[in-house]
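*Asks:* Here it is, the structure in full.
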Amino acid sequence: MNHRQLSFDLPVRPALGRGDFFVSPANAMAVVLLERWQDWAGHKLALIGPKGAGKTHLSHVWAATSGALILKATDLGDVPIPAVAMGPVVVEDVQDIAGDRELEEALFHLHNLVLAEGFPLLVTTDKPAHLWGLTLPDLQSRMQGTQSVTLDQPDDQLLAAVITKLFADRQLMPAPDVITYLVARMDRSFDAARDLVAALDRAALERKRPVTRKLAAEVLGESELPDLLDNSA
């Protein structure tokens, strides 16, 4: 008889406060620039990094400090640009609107109005502006001329902190040796950390077991997670 418990994809509420963000050499420059936002060249900054690198977390921290409104780039067609431009603004995932003329024009107007009003603008993206594929030349030139900072892939220290936070977001407290075990064997990416913690959460619930090193070894070895294994391990 199979005694495994059914698991459900319940919403995870990430902690996005400044105290929940771990600073390491991989993100220290970004943290410094966001803390010194009054000194941004042209009053704007592009925060670049892979998915899960901490862009959303940092943008929320900055928004709490500056009073900025946070918008998804793909939602710009549904917001009143003149009203939105009357304060600091964060536009997330700007690469997603490349090729959409209406949204590119919306971002272009928002960019100009926010800066004309003397407020700062933060945009987040997964790659430099010249790789977005924008079709509006004026927007392309302004985005390429925006000061930028990149969040690097995690070092061991940051990866351990990220995994710890991901577990905490799910209200899980793994055994102390689990984090060290995972960091030494998993792929060096934020996506891998997020996927692995989610898989461990499911496995613990289905098997009615705590998150231990043994469970971590089982999950790392299962066929549905081959890309999480570091081939050099």
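Ordered as shown in the structure tokens, chains take letters A, B, and onward, while each chain numbers its residues from 1 and ligands are numbered from 1 in the order shown.
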Find the spatial neighbours of A:Ile179, counting only C-alpha atoms, within a cut-off of 8 Å - ignore same-chain residues fewer than 5 positions away - and output them as a compact mmCIF listing (two decimals) with N, CA, C and O atoms, in the first residue's frame.

*Replies:*
```txt
# COMPACT_ATOMS: atom_id res chain seq x y z
N ALA A 160 24.16 29.28 0.15
CA ALA A 160 23.68 28.73 1.42
C ALA A 160 22.62 29.64 2.03
O ALA A 160 21.61 29.16 2.56
N ILE A 163 19.32 29.31 0.01
CA ILE A 163 18.62 28.06 0.33
C ILE A 163 17.95 28.16 1.70
O ILE A 163 16.80 27.74 1.88
N THR A 164 18.66 28.72 2.66
CA THR A 164 18.09 28.89 4.00
C THR A 164 16.84 29.75 3.94
O THR A 164 15.82 29.44 4.58
N PRO A 174 15.19 22.65 8.03
CA PRO A 174 15.95 21.42 7.80
C PRO A 174 17.02 21.20 8.85
O PRO A 174 17.43 22.15 9.55
```

*Asks:* Assign secondary structure with DSSP using the backbone only, and return the residues of stretch 22-64 of chain A in helix (DSSP H, G or I) as a PyMOL selection string.

*Replies:* chain A and resi 28-35+37-39+41-43+55-64

*Asks:* Looking only at the backbone, which of the residues in stretch 65-102 of chain A does DSSP tag as strand (DSSP E), as a ChimeraX atom specification?

*Replies:* /A:69-72,89-92

*Asks:* How would the residues just picked look written out with C-alpha atoms as a short mmCIF file (atom, residue, chain, number, x, y, z; two decimals), in the first residue's frame?

*Replies:*
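Output below, filename again-v3.cif:
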```
data_model
loop_
_atom_site.label_atom_id
_atom_site.label_comp_id
_atom_site.auth_asym_id
_atom_site.auth_seq_id
_atom_site.Cartn_x
_atom_site.Cartn_y
_atom_site.Cartn_z
CA LEU A 69 5.64 52.14 -7.06
CA ILE A 70 6.47 48.68 -8.46
CA LEU A 71 5.09 47.75 -11.88
CA LYS A 72 5.53 44.80 -14.21
CA VAL A 89 9.06 53.90 -10.02
CA VAL A 90 10.32 50.34 -10.39
CA VAL A 91 9.60 48.55 -13.69
CA GLU A 92 10.27 44.82 -13.47
#
```

*Asks:* For each of A:Leu113, A:Met86, A:Ala193, A:Val219, take the minimum atom-to-atom distance to A:Gln153, counting only C-alpha atoms, then give the residue where this is smallest.

*Replies:*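 Closest residue, counting only C-alpha atoms: A:Ala193.
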
*Asks:* Could you check how far atom CA of A:Gln38 sits from atom CA of A:Gly133, in Å to one decimal?

*Replies:*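 One can read the atom CA of A:Gln38 to atom CA of A:Gly133 distance as 29.4 Å.
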